[in-house]
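Asks: I'm passing along target.txt; it holds compact mmCIF, C-alpha atoms.
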```txt
# COMPACT_ATOMS: atom_id res chain seq x y z
CA MET A 1 -34.12 -116.86 47.34
CA THR A 2 -37.75 -117.70 47.99
CA THR A 3 -36.83 -120.32 50.58
CA GLN A 4 -34.76 -117.70 52.41
CA LEU A 5 -37.73 -115.33 52.47
CA VAL A 6 -39.93 -118.06 53.95
CA LEU A 7 -37.29 -118.92 56.56
CA GLU A 8 -36.99 -115.26 57.55
CA ASN A 9 -40.70 -114.34 57.53
CA GLY A 10 -42.59 -117.60 57.85
CA PHE A 11 -44.74 -118.84 54.99
CA ALA A 12 -47.84 -116.87 55.97
CA GLY A 13 -45.72 -113.75 56.45
CA THR A 14 -44.13 -114.02 53.01
CA THR A 15 -46.22 -112.32 50.35
CA ILE A 16 -46.24 -113.06 46.65
CA ASP A 17 -45.19 -109.45 46.09
CA GLN A 18 -42.08 -110.01 48.27
CA ILE A 19 -41.28 -113.14 46.26
CA LEU A 20 -41.70 -111.25 42.98
CA ALA A 21 -39.45 -108.41 44.18
CA LYS A 22 -36.76 -110.78 45.45
CA THR A 23 -36.76 -113.05 42.38
CA GLN A 24 -37.44 -110.27 39.86
CA ILE A 25 -40.07 -112.30 38.04
CA THR A 26 -43.46 -111.07 36.93
CA LYS A 27 -46.75 -112.05 38.49
CA GLY A 28 -47.68 -113.72 35.20
CA ALA A 29 -44.49 -115.79 35.24
CA PHE A 30 -45.12 -116.75 38.87
CA PHE A 31 -48.63 -117.97 38.15
CA TYR A 32 -47.45 -119.72 35.00
CA HIS A 33 -45.22 -121.93 37.17
CA PHE A 34 -47.41 -122.11 40.29
CA LYS A 35 -51.21 -122.27 40.41
CA SER A 36 -51.18 -120.74 43.88
CA LYS A 37 -49.01 -119.89 46.85
CA SER A 38 -49.87 -123.37 48.17
CA ASP A 39 -48.43 -124.87 44.99
CA LEU A 40 -45.25 -122.89 45.61
CA ALA A 41 -45.13 -124.26 49.17
CA TYR A 42 -45.19 -127.80 47.83
CA TYR A 43 -42.41 -127.05 45.33
CA LEU A 44 -40.21 -125.38 47.96
CA MET A 45 -40.60 -128.30 50.34
CA ARG A 46 -40.02 -130.87 47.60
CA HIS A 47 -36.81 -129.06 46.62
CA PHE A 48 -35.68 -128.69 50.26
CA ALA A 49 -36.38 -132.37 51.04
CA ASP A 50 -34.59 -133.52 47.88
CA SER A 51 -31.55 -131.44 48.86
CA ASP A 52 -31.71 -132.81 52.41
CA MET A 53 -31.88 -136.41 51.17
CA SER A 54 -28.98 -135.70 48.83
CA VAL A 55 -26.84 -134.57 51.77
CA MET A 56 -27.81 -137.63 53.81
CA ASN A 57 -27.00 -139.96 50.91
CA ARG A 58 -23.68 -138.22 50.30
CA VAL A 59 -22.68 -138.67 53.94
CA LEU A 60 -23.77 -142.31 53.87
CA ALA A 61 -21.64 -142.81 50.75
CA ASP A 62 -18.71 -140.93 52.32
CA THR A 63 -18.80 -143.24 55.35
CA GLN A 64 -19.08 -146.51 53.40
CA GLY A 65 -15.35 -147.03 53.88
CA TYR A 66 -16.16 -147.90 57.49
CA GLU A 67 -18.56 -150.75 56.61
CA ARG A 68 -16.31 -153.32 58.30
CA ASN A 69 -16.59 -151.29 61.49
CA PRO A 70 -20.25 -150.20 61.80
CA LEU A 71 -19.74 -148.34 65.08
CA GLU A 72 -16.95 -146.30 63.54
CA ARG A 73 -19.21 -145.61 60.54
CA LEU A 74 -21.98 -144.38 62.85
CA MET A 75 -19.54 -142.08 64.62
CA ALA A 76 -18.12 -140.83 61.31
CA PHE A 77 -21.68 -140.09 60.15
CA VAL A 78 -22.32 -137.94 63.22
CA ASP A 79 -18.86 -136.35 62.97
CA TRP A 80 -19.59 -135.24 59.40
CA PHE A 81 -22.57 -133.21 60.62
CA VAL A 82 -20.63 -131.85 63.59
CA ALA A 83 -17.97 -130.55 61.20
CA GLU A 84 -20.60 -129.15 58.83
CA PHE A 85 -22.32 -127.15 61.56
CA GLU A 86 -19.13 -126.04 63.34
CA GLY A 87 -18.15 -123.82 60.45
CA LEU A 88 -21.33 -121.77 60.16
CA ASN A 89 -21.23 -117.98 60.37
CA GLU A 90 -24.98 -117.73 60.94
CA PRO A 91 -27.47 -120.11 62.55
CA TYR A 92 -28.87 -122.71 60.15
CA MET A 93 -32.59 -122.49 59.47
CA CYS A 94 -34.66 -125.50 58.45
CA LEU A 95 -37.72 -125.41 56.22
CA TYR A 96 -39.17 -128.52 57.91
CA ALA A 97 -39.47 -126.69 61.23
CA SER A 98 -40.72 -123.52 59.56
CA TYR A 99 -43.55 -125.39 57.84
CA LEU A 100 -44.50 -127.41 60.90
CA TYR A 101 -45.09 -124.24 62.89
CA GLU A 102 -47.75 -123.19 60.36
CA PRO A 103 -49.50 -126.48 59.49
CA GLU A 104 -52.76 -124.81 58.46
CA GLN A 105 -50.90 -123.14 55.57
CA PHE A 106 -50.00 -126.38 53.80
CA SER A 107 -51.65 -129.22 51.94
CA ASP A 108 -51.50 -132.76 53.25
CA ASP A 109 -49.17 -133.61 50.35
CA THR A 110 -46.74 -130.91 51.44
CA LYS A 111 -46.83 -132.03 55.08
CA GLN A 112 -46.31 -135.63 53.92
CA ILE A 113 -43.00 -134.65 52.34
CA VAL A 114 -41.78 -133.58 55.79
CA ALA A 115 -43.01 -136.79 57.43
CA ASP A 116 -41.47 -138.95 54.69
CA SER A 117 -38.14 -137.16 55.03
CA ILE A 118 -38.05 -137.63 58.80
CA LEU A 119 -38.94 -141.31 58.38
CA LEU A 120 -36.15 -141.75 55.84
CA TRP A 121 -33.65 -140.22 58.28
CA ARG A 122 -34.98 -142.67 60.89
CA LYS A 123 -34.59 -145.64 58.54
CA GLU A 124 -31.00 -144.80 57.62
CA LEU A 125 -29.96 -144.11 61.21
CA GLU A 126 -31.66 -147.31 62.36
CA GLU A 127 -29.53 -149.23 59.85
CA LEU A 128 -26.38 -147.59 61.20
CA LEU A 129 -27.45 -148.34 64.77
CA VAL A 130 -28.30 -151.98 63.95
CA GLY A 131 -24.81 -152.42 62.53
CA ALA A 132 -23.27 -150.94 65.67
CA LYS A 133 -25.49 -153.16 67.87
CA LYS A 134 -24.23 -156.26 66.07
CA GLU A 135 -20.62 -155.15 66.38
CA VAL A 136 -20.91 -154.31 70.09
CA PRO A 137 -23.12 -156.98 71.69
CA ASN A 138 -22.38 -155.66 75.19
CA HIS A 139 -24.14 -152.32 74.61
CA VAL A 140 -26.70 -150.59 76.79
CA GLU A 141 -30.22 -151.48 75.63
CA PHE A 142 -32.10 -148.79 73.72
CA ASP A 143 -35.17 -148.28 71.57
CA LEU A 144 -33.95 -148.30 67.98
CA ALA A 145 -36.50 -145.91 66.42
CA SER A 146 -36.28 -143.49 69.33
CA LEU A 147 -32.48 -143.30 69.26
CA ALA A 148 -32.52 -142.89 65.48
CA ASP A 149 -35.11 -140.10 65.78
CA HIS A 150 -33.04 -138.47 68.51
CA PHE A 151 -30.50 -137.40 65.88
CA THR A 152 -33.23 -135.48 64.03
CA VAL A 153 -34.72 -134.17 67.28
CA ILE A 154 -31.35 -132.77 68.31
CA MET A 155 -30.74 -131.19 64.92
CA GLU A 156 -34.18 -129.58 64.61
CA GLY A 157 -34.23 -128.42 68.23
CA ALA A 158 -30.70 -127.06 67.99
CA PHE A 159 -31.60 -125.15 64.81
CA ILE A 160 -34.34 -123.34 66.73
CA VAL A 161 -32.22 -122.60 69.81
CA SER A 162 -29.25 -121.60 67.64
CA LYS A 163 -31.44 -119.12 65.76
CA ALA A 164 -33.04 -117.77 68.94
CA LEU A 165 -29.65 -117.19 70.58
CA ASN A 166 -27.82 -116.26 67.37
CA HIS A 167 -25.26 -118.95 68.17
CA PRO A 168 -24.19 -120.60 64.88
CA SER A 169 -22.09 -123.43 66.35
CA LEU A 170 -24.71 -124.53 68.88
CA THR A 171 -26.00 -127.30 66.59
CA ALA A 172 -22.51 -128.81 66.39
CA GLN A 173 -22.23 -128.73 70.19
CA HIS A 174 -25.51 -130.60 70.57
CA LEU A 175 -24.51 -133.17 67.98
CA LEU A 176 -21.35 -133.77 70.03
CA HIS A 177 -23.61 -134.56 72.98
CA TYR A 178 -25.43 -137.09 70.80
CA LYS A 179 -22.10 -138.65 69.85
CA GLN A 180 -21.08 -138.82 73.52
CA TYR A 181 -24.41 -140.48 74.30
CA LEU A 182 -23.74 -143.07 71.60
CA GLU A 183 -20.28 -143.65 73.07
CA LEU A 184 -21.87 -144.33 76.46
CA ILE A 185 -24.43 -146.71 74.96
CA PHE A 186 -21.80 -148.61 73.01
CA ARG A 187 -19.28 -148.42 75.87
CA VAL A 188 -16.63 -146.71 73.78
CA LYS A 189 -13.51 -146.07 75.82
```
Step by step, read the file and then write its structure as structure tokens.

Replies:
Amino acid sequence: MTTQLVLENGFAGTTIDQILAKTQITKGAFFYHFKSKSDLAYYLMRHFADSDMSVMNRVLADTQGYERNPLERLMAFVDWFVAEFEGLNEPYMCLYASYLYEPEQFSDDTKQIVADSILLWRKELEELLVGAKKEVPNHVEFDLASLADHFTVIMEGAFIVSKALNHPSLTAQHLLHYKQYLELIFRVK
């Protein structure tokens, strides 16, 4: 509930009173659990990042059946997210982007959670891309970190545009472009 308030209003625009009203907890209970609003910010981001990593790990596990065909695994990984975002009724909103637009509101520890999460996405996508590179030696050359990051760049950028245009399936469409780009790089026919 609190995360939704922050996504709708921004962190600075979300008051403790709004949080208390939405969660129906007392101010005393709030400050028992959180020393400050900044402490809450850290907890919200930690929870969001843990959930995000859980999704990534689940998709990696779901695509392990393709380990003998790394390119197919990479494509199945992207396809999973395409399918996930195709079925949305409302645009997806991401707490990473929300926090990064208000950096002065957050501690270095909170901002580090975002950076660590993005770097973990990079690491896992790099591993998928390395496998595909080995399988398809006649691929177009590319920068590994940049192409791995491009997945995250597309997702985060599409979340913003999807929200601005109230177009829930836009993220899926952009992920399909990423998949088509991978097909060009790996010369998939």

Asks: Would you kindly return, as a VMD selection string, each protein, DNA or RNA residue with an atom no farther than 8 Å from any atom of stretch 88-92 of chain A, considering all atoms listed in the file and excluding same-chain residues fewer than 5 positions away?

Replies: chain A and resid 159 162 to 163 166 to 169

Asks: Within 12 Å of A:Phe106, counting only C-alpha atoms, which residues show up once you throw out same-chain ones fewer than 6 positions away? Write them as a PyMOL selection string, please.

Replies: chain A and resi 11-12+36-45+96+98-100+112-114

Asks: Nearest residue to A:Glu124 out of A:Gln105, A:Thr110, A:Asn57, A:Gln64, using only C-alpha atoms?

Replies: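 Counting only C-alpha atoms, the residue closest to A:Glu124 is A:Asn57.
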
Asks: So that I can check the surroundings of stretch 135-143 of chain A, please list as a list in words every protein, DNA and RNA residue that reaches within 9 Å of it, counting all atoms listed in the file and ignoring chain neighbours fewer than 6 positions away.

Replies: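 The residues satisfying every condition are Asn69, Pro70, Leu71, Leu184, Ile185, Phe186 and Arg187 of chain A.
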
Asks: With only C-alpha atoms as the basis for distance, which of A:Phe85, A:Phe48, A:Tyr32, A:Trp80 is at the shortest distance from A:Ala61?

Replies: A:Trp80

Asks: Kindly give the distance, in Å, that separates atom CA of A:Ala49 and atom CA of A:Phe30, rounded to a single decimal.

Replies: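 Atom CA of A:Ala49 sits 21.6 Å away from atom CA of A:Phe30.
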
Asks: Compute the distance from (-35.4, -120.9, 49.7) to each atom, counting all atoms listed in the file, keep the residues with any atom at most 9 Å away, and return them as a VMD selection string; use the coordinates of the file.

Replies: chain A and resid 1 to 7 44 47 to 48 95

Asks: Can you tell me how far atom CA of A:Gly28 sits from atom CA of A:Glu8, in Å to one decimal?

Replies: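 Answer for the atom CA of A:Gly28 to atom CA of A:Glu8 separation: 24.8 Å.
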
Asks: Between A:Arg46, A:Arg58, A:Lys179, A:Arg73, single out the one closest to A:Ala132, counting only C-alpha atoms.

Replies: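 Closest to A:Ala132, using only C-alpha atoms: A:Arg73.
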
Asks: Would you work out the distance separating atom CA of A:His177 from atom CA of A:Ile160, expressed in Å to one decimal?

Replies: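 It comes out at 16.7 Å.
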
Asks: Report as a list in words all protein, DNA and RNA residues lying within 12 Å of A:Lys123, evaluated on all atoms listed in the file, omitting residues in the same chain fewer than 2 positions from it.

Replies: Met56, Asp116, Ser117, Ile118, Leu119, Leu120, Trp121, Leu125, Glu126, Glu127, Leu128, Leu129, Val130, Leu144, Ala145, Ser146, Leu147, Ala148, Asp149, Phe151 and Thr152 of chain A

Asks: Excluding A:Gln173 and any residue of its chain fewer than 6 positions from it, enumerate the residues within 9 Å of it, using all atoms listed in the file, and give them as a list in words.

Replies: Val82, Phe85, Glu86 and Ala158 of chain A

Asks: Of the residues A:Arg68, A:Leu175, A:Lys189, A:Ile25, which is the one nearest to A:Glu84, using all atoms listed in the file?

Replies: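 The shortest atom-to-atom distance to A:Glu84 comes from A:Leu175.
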